[in-house]
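So this one's structure_6.pdb, PDB, C-alpha atoms, pLDDT in the B column:
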```
MODEL        1
ATOM      1  CA  MET A 283      70.583  27.287 125.564  1.00 88.00           C
ATOM      2  CA  THR A 284      69.351  30.264 127.518  1.00 93.00           C
ATOM      3  CA  GLY A 285      71.834  32.712 129.040  1.00 96.00           C
ATOM      4  CA  ALA A 286      71.641  35.527 131.555  1.00 97.00           C
ATOM      5  CA  TYR A 287      73.950  37.961 133.274  1.00 98.00           C
ATOM      6  CA  LEU A 288      73.316  38.120 136.988  1.00 98.00           C
ATOM      7  CA  LEU A 289      74.353  41.279 138.860  1.00 98.00           C
ATOM      8  CA  ILE A 290      74.773  40.548 142.551  1.00 98.00           C
ATOM      9  CA  ASN A 291      75.074  42.711 145.646  1.00 98.00           C
ATOM     10  CA  THR A 292      76.553  41.313 148.847  1.00 98.00           C
ATOM     11  CA  GLN A 293      76.961  42.352 152.441  1.00 98.00           C
ATOM     12  CA  SER A 294      80.239  44.112 153.154  1.00 96.00           C
ATOM     13  CA  GLY A 295      83.074  41.614 153.382  1.00 96.00           C
ATOM     14  CA  LYS A 296      81.044  38.680 152.008  1.00 97.00           C
ATOM     15  CA  ASP A 297      81.895  39.107 148.321  1.00 97.00           C
ATOM     16  CA  MET A 298      84.825  36.665 148.119  1.00 98.00           C
ATOM     17  CA  ASP A 299      82.948  33.901 149.978  1.00 98.00           C
ATOM     18  CA  ALA A 300      79.872  34.426 147.788  1.00 98.00           C
ATOM     19  CA  LEU A 301      82.048  34.327 144.661  1.00 98.00           C
ATOM     20  CA  ALA A 302      83.614  31.011 145.685  1.00 98.00           C
ATOM     21  CA  LYS A 303      80.156  29.482 146.265  1.00 98.00           C
ATOM     22  CA  LEU A 304      78.817  30.861 142.972  1.00 98.00           C
ATOM     23  CA  LYS A 305      81.626  29.234 141.003  1.00 97.00           C
ATOM     24  CA  LYS A 306      80.565  25.814 142.355  1.00 98.00           C
ATOM     25  CA  ILE A 307      76.978  26.082 141.066  1.00 98.00           C
ATOM     26  CA  LYS A 308      76.253  24.022 137.950  1.00 96.00           C
ATOM     27  CA  GLY A 309      75.150  26.405 135.205  1.00 96.00           C
ATOM     28  CA  VAL A 310      77.332  29.332 136.319  1.00 97.00           C
ATOM     29  CA  SER A 311      79.909  29.534 133.544  1.00 96.00           C
ATOM     30  CA  GLN A 312      81.687  32.690 134.765  1.00 97.00           C
ATOM     31  CA  ALA A 313      81.686  34.790 137.940  1.00 98.00           C
ATOM     32  CA  HIS A 314      83.788  37.840 138.797  1.00 98.00           C
ATOM     33  CA  ILE A 315      84.121  40.526 141.458  1.00 98.00           C
ATOM     34  CA  CYS A 316      83.420  43.888 139.790  1.00 97.00           C
ATOM     35  CA  THR A 317      83.319  47.594 140.581  1.00 95.00           C
ATOM     36  CA  GLY A 318      80.353  49.933 140.354  1.00 95.00           C
ATOM     37  CA  LEU A 319      76.783  49.447 141.548  1.00 97.00           C
ATOM     38  CA  HIS A 320      77.154  45.681 141.979  1.00 98.00           C
ATOM     39  CA  ASP A 321      79.727  43.501 143.713  1.00 98.00           C
ATOM     40  CA  ILE A 322      79.680  40.389 141.520  1.00 98.00           C
ATOM     41  CA  ILE A 323      78.690  39.662 137.931  1.00 98.00           C
ATOM     42  CA  CYS A 324      78.161  36.147 136.674  1.00 98.00           C
ATOM     43  CA  TYR A 325      76.885  34.445 133.545  1.00 98.00           C
ATOM     44  CA  ILE A 326      74.468  31.541 133.753  1.00 97.00           C
ATOM     45  CA  GLU A 327      73.728  29.166 130.882  1.00 96.00           C
ATOM     46  CA  GLU A 328      70.956  26.605 131.105  1.00 95.00           C
ATOM     47  CA  LYS A 329      68.633  24.631 128.850  1.00 95.00           C
ATOM     48  CA  ASP A 330      65.541  26.719 129.654  1.00 94.00           C
ATOM     49  CA  LEU A 331      64.171  29.583 131.769  1.00 94.00           C
ATOM     50  CA  LYS A 332      62.601  27.263 134.335  1.00 95.00           C
ATOM     51  CA  THR A 333      65.948  25.661 135.150  1.00 95.00           C
ATOM     52  CA  MET A 334      67.630  29.066 135.203  1.00 95.00           C
ATOM     53  CA  GLY A 335      64.992  30.379 137.594  1.00 95.00           C
ATOM     54  CA  HIS A 336      65.629  27.432 139.908  1.00 95.00           C
ATOM     55  CA  ILE A 337      69.349  28.242 139.990  1.00 96.00           C
ATOM     56  CA  ILE A 338      68.738  31.931 140.734  1.00 96.00           C
ATOM     57  CA  LEU A 339      65.967  31.504 143.313  1.00 96.00           C
ATOM     58  CA  ASP A 340      67.033  28.310 145.071  1.00 97.00           C
ATOM     59  CA  LYS A 341      70.814  28.512 144.870  1.00 97.00           C
ATOM     60  CA  VAL A 342      72.233  31.979 144.181  1.00 98.00           C
ATOM     61  CA  ARG A 343      69.835  33.969 146.369  1.00 97.00           C
ATOM     62  CA  LYS A 344      70.377  31.546 149.264  1.00 97.00           C
ATOM     63  CA  ILE A 345      74.132  32.125 149.393  1.00 98.00           C
ATOM     64  CA  ASP A 346      75.067  33.708 152.708  1.00 97.00           C
ATOM     65  CA  GLY A 347      75.781  37.410 152.179  1.00 97.00           C
ATOM     66  CA  VAL A 348      73.828  37.864 148.918  1.00 98.00           C
ATOM     67  CA  THR A 349      71.437  40.771 149.444  1.00 98.00           C
ATOM     68  CA  LYS A 350      70.150  41.539 145.924  1.00 97.00           C
ATOM     69  CA  THR A 351      70.225  40.151 142.413  1.00 98.00           C
ATOM     70  CA  VAL A 352      69.383  41.703 139.044  1.00 98.00           C
ATOM     71  CA  THR A 353      68.877  39.284 136.149  1.00 97.00           C
ATOM     72  CA  CYS A 354      69.547  40.392 132.558  1.00 97.00           C
ATOM     73  CA  ILE A 355      68.463  37.672 130.127  1.00 96.00           C
ATOM     74  CA  SER A 356      70.501  37.509 126.946  1.00 95.00           C
ATOM     75  CA  VAL A 357      68.360  37.844 123.816  1.00 92.00           C
ATOM     76  CA  SER A 358      71.012  37.393 121.138  1.00 86.00           C
TER      77      SER A 358
ENDMDL
END
```
Could you rewrite the structure in this file as structure tokens?
Amino acid sequence: MTGAYLLINTQSGKDMDALAKLKKIKGVSQAHICTGLHDIICYIEEKDLKTMGHIILDKVRKIDGVTKTVTCISVS
């Protein structure tokens, strides 16, 4: 399995809606509202990088209100 932390920024007031949609995506094992530079942090686990990329590009980034993502791939 390949894992990655995804740091997400949203438009003001869209964080709770984005969080609810994130939690419904297959492969997203955890998602939380957080404080600091980013609005949401989630953890994605998938069988390979190609599948993970599909989730990030075609699902997460298309959620209404998501303005930016930073992907941190887990190496251990």
Can you give me, as a CSV table (one decimal) with C-alpha atoms, in the coordinates of the input, the residues this file yields under the PyMOL selection byres ((chain A and resi 352) around 8)?
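Final output, saved to out17.csv:
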```csv
chain,number,residue,atom,x,y,z
A,288,LEU,CA,73.3,38.1,137.0
A,289,LEU,CA,74.4,41.3,138.9
A,290,ILE,CA,74.8,40.5,142.6
A,350,LYS,CA,70.2,41.5,145.9
A,351,THR,CA,70.2,40.2,142.4
A,353,THR,CA,68.9,39.3,136.1
A,354,CYS,CA,69.5,40.4,132.6
```
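The protein and nucleic acid residues lying at most 8 Å from Glu327 in chain A are Met283, Thr284, Gly285, Ala286, Gly309, Val310, Ser311 and Met334 of chain A, with only C-alpha atoms considered and sequence neighbours fewer than 4 positions away removed.
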### Query
What do you get, as an NGL selection string, if you spell out every residue that the PyMOL selection byres ((chain A and resi 291) around 12) selects here?
:A and (288-290 or 292-298 or 300-301 or 315-324 or 342-343 or 345-353)
### Task
Show which residues sit within 10 Å of Ile307 in chain A, as a PyMOL selection string. Count all atoms listed in the file, and ignore same-chain residues fewer than 5 positions away.
chain A and resi 302+326+337+341-342
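CA of Gly335 in chain A lies 17.0 Å from CA of Lys305 in chain A.
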### Task
Rank nothing, just name the residue among A:His314, A:Asp299, A:Ile355, A:Lys344 nearest to Asp330 in chain A, using only C-alpha atoms.
A:Ile355
### Message
As an exercise, work out the distance from CA of Lys303 in chain A to CA of Leu339 in chain A in Å and give it to one decimal place.
### Response
14.6 Å
Working from the structure I just supplied, which lacks atoms in range 298-334 of chain A, can you model N, CA and C atoms there and output them as a short mmCIF file (atom, residue, chain, number, x, y, z; two decimals), keeping the file's coordinate frame?
```cif
data_model
loop_
_atom_site.label_atom_id
_atom_site.label_comp_id
_atom_site.auth_asym_id
_atom_site.auth_seq_id
_atom_site.Cartn_x
_atom_site.Cartn_y
_atom_site.Cartn_z
N MET A 298 83.91 37.75 148.52
CA MET A 298 84.82 36.66 148.12
C MET A 298 84.23 35.29 148.46
N ASP A 299 83.59 35.16 149.61
CA ASP A 299 82.95 33.90 149.98
C ASP A 299 81.79 33.59 149.03
N ALA A 300 80.99 34.61 148.71
CA ALA A 300 79.87 34.43 147.79
C ALA A 300 80.39 34.03 146.41
N LEU A 301 81.46 34.65 145.96
CA LEU A 301 82.05 34.33 144.66
C LEU A 301 82.49 32.87 144.61
N ALA A 302 83.15 32.40 145.64
CA ALA A 302 83.61 31.01 145.68
C ALA A 302 82.43 30.04 145.61
N LYS A 303 81.34 30.35 146.30
CA LYS A 303 80.16 29.48 146.26
C LYS A 303 79.46 29.54 144.91
N LEU A 304 79.42 30.71 144.30
CA LEU A 304 78.82 30.86 142.97
C LEU A 304 79.52 29.99 141.94
N LYS A 305 80.84 29.97 141.98
CA LYS A 305 81.63 29.23 141.00
C LYS A 305 81.39 27.73 141.08
N LYS A 306 80.83 27.24 142.18
CA LYS A 306 80.56 25.81 142.35
C LYS A 306 79.17 25.41 141.85
N ILE A 307 78.34 26.37 141.50
CA ILE A 307 76.98 26.08 141.07
C ILE A 307 76.97 25.67 139.60
N LYS A 308 76.38 24.50 139.33
CA LYS A 308 76.25 24.02 137.95
C LYS A 308 75.39 25.02 137.17
N GLY A 309 75.87 25.43 136.02
CA GLY A 309 75.15 26.40 135.21
C GLY A 309 75.81 27.77 135.22
N VAL A 310 76.59 28.07 136.26
CA VAL A 310 77.33 29.33 136.32
C VAL A 310 78.63 29.12 135.55
N SER A 311 78.72 29.75 134.37
CA SER A 311 79.91 29.53 133.54
C SER A 311 81.04 30.51 133.87
N GLN A 312 80.69 31.70 134.37
CA GLN A 312 81.69 32.69 134.76
C GLN A 312 81.16 33.48 135.96
N ALA A 313 82.06 33.93 136.81
CA ALA A 313 81.69 34.79 137.94
C ALA A 313 82.91 35.61 138.33
N HIS A 314 82.68 36.93 138.53
CA HIS A 314 83.79 37.84 138.80
C HIS A 314 83.37 38.93 139.79
N ILE A 315 84.30 39.33 140.64
CA ILE A 315 84.12 40.53 141.46
C ILE A 315 84.22 41.72 140.50
N CYS A 316 83.38 42.72 140.68
CA CYS A 316 83.42 43.89 139.79
C CYS A 316 83.25 45.18 140.60
N THR A 317 83.49 46.29 139.95
CA THR A 317 83.32 47.59 140.58
C THR A 317 82.03 48.22 140.08
N GLY A 318 81.56 49.24 140.78
CA GLY A 318 80.35 49.93 140.35
C GLY A 318 79.20 49.65 141.29
N LEU A 319 78.00 49.62 140.74
CA LEU A 319 76.78 49.45 141.55
C LEU A 319 76.64 48.05 142.14
N HIS A 320 77.30 47.07 141.54
CA HIS A 320 77.15 45.68 141.98
C HIS A 320 78.51 45.13 142.38
N ASP A 321 78.49 44.07 143.19
CA ASP A 321 79.73 43.50 143.71
C ASP A 321 80.25 42.34 142.87
N ILE A 322 79.31 41.57 142.30
CA ILE A 322 79.68 40.39 141.52
C ILE A 322 78.84 40.36 140.25
N ILE A 323 79.44 39.93 139.16
CA ILE A 323 78.69 39.66 137.93
C ILE A 323 78.99 38.22 137.54
N CYS A 324 77.94 37.51 137.14
CA CYS A 324 78.16 36.15 136.67
C CYS A 324 77.29 35.88 135.45
N TYR A 325 77.65 34.84 134.73
CA TYR A 325 76.89 34.44 133.54
C TYR A 325 76.40 33.03 133.77
N ILE A 326 75.10 32.84 133.57
CA ILE A 326 74.47 31.54 133.75
C ILE A 326 73.98 31.05 132.40
N GLU A 327 74.25 29.80 132.09
CA GLU A 327 73.73 29.17 130.88
C GLU A 327 72.98 27.91 131.29
N GLU A 328 71.76 27.79 130.81
CA GLU A 328 70.96 26.60 131.10
C GLU A 328 70.08 26.26 129.92
N LYS A 329 69.43 25.10 129.98
CA LYS A 329 68.63 24.63 128.85
C LYS A 329 67.34 25.40 128.67
N ASP A 330 66.80 25.97 129.76
CA ASP A 330 65.54 26.72 129.65
C ASP A 330 65.39 27.69 130.82
N LEU A 331 64.39 28.56 130.73
CA LEU A 331 64.17 29.58 131.77
C LEU A 331 63.77 28.98 133.11
N LYS A 332 63.03 27.90 133.08
CA LYS A 332 62.60 27.26 134.34
C LYS A 332 63.81 26.79 135.14
N THR A 333 64.74 26.14 134.48
CA THR A 333 65.95 25.66 135.15
C THR A 333 66.79 26.84 135.64
N MET A 334 66.88 27.87 134.81
CA MET A 334 67.63 29.07 135.20
C MET A 334 67.00 29.72 136.43
#
```
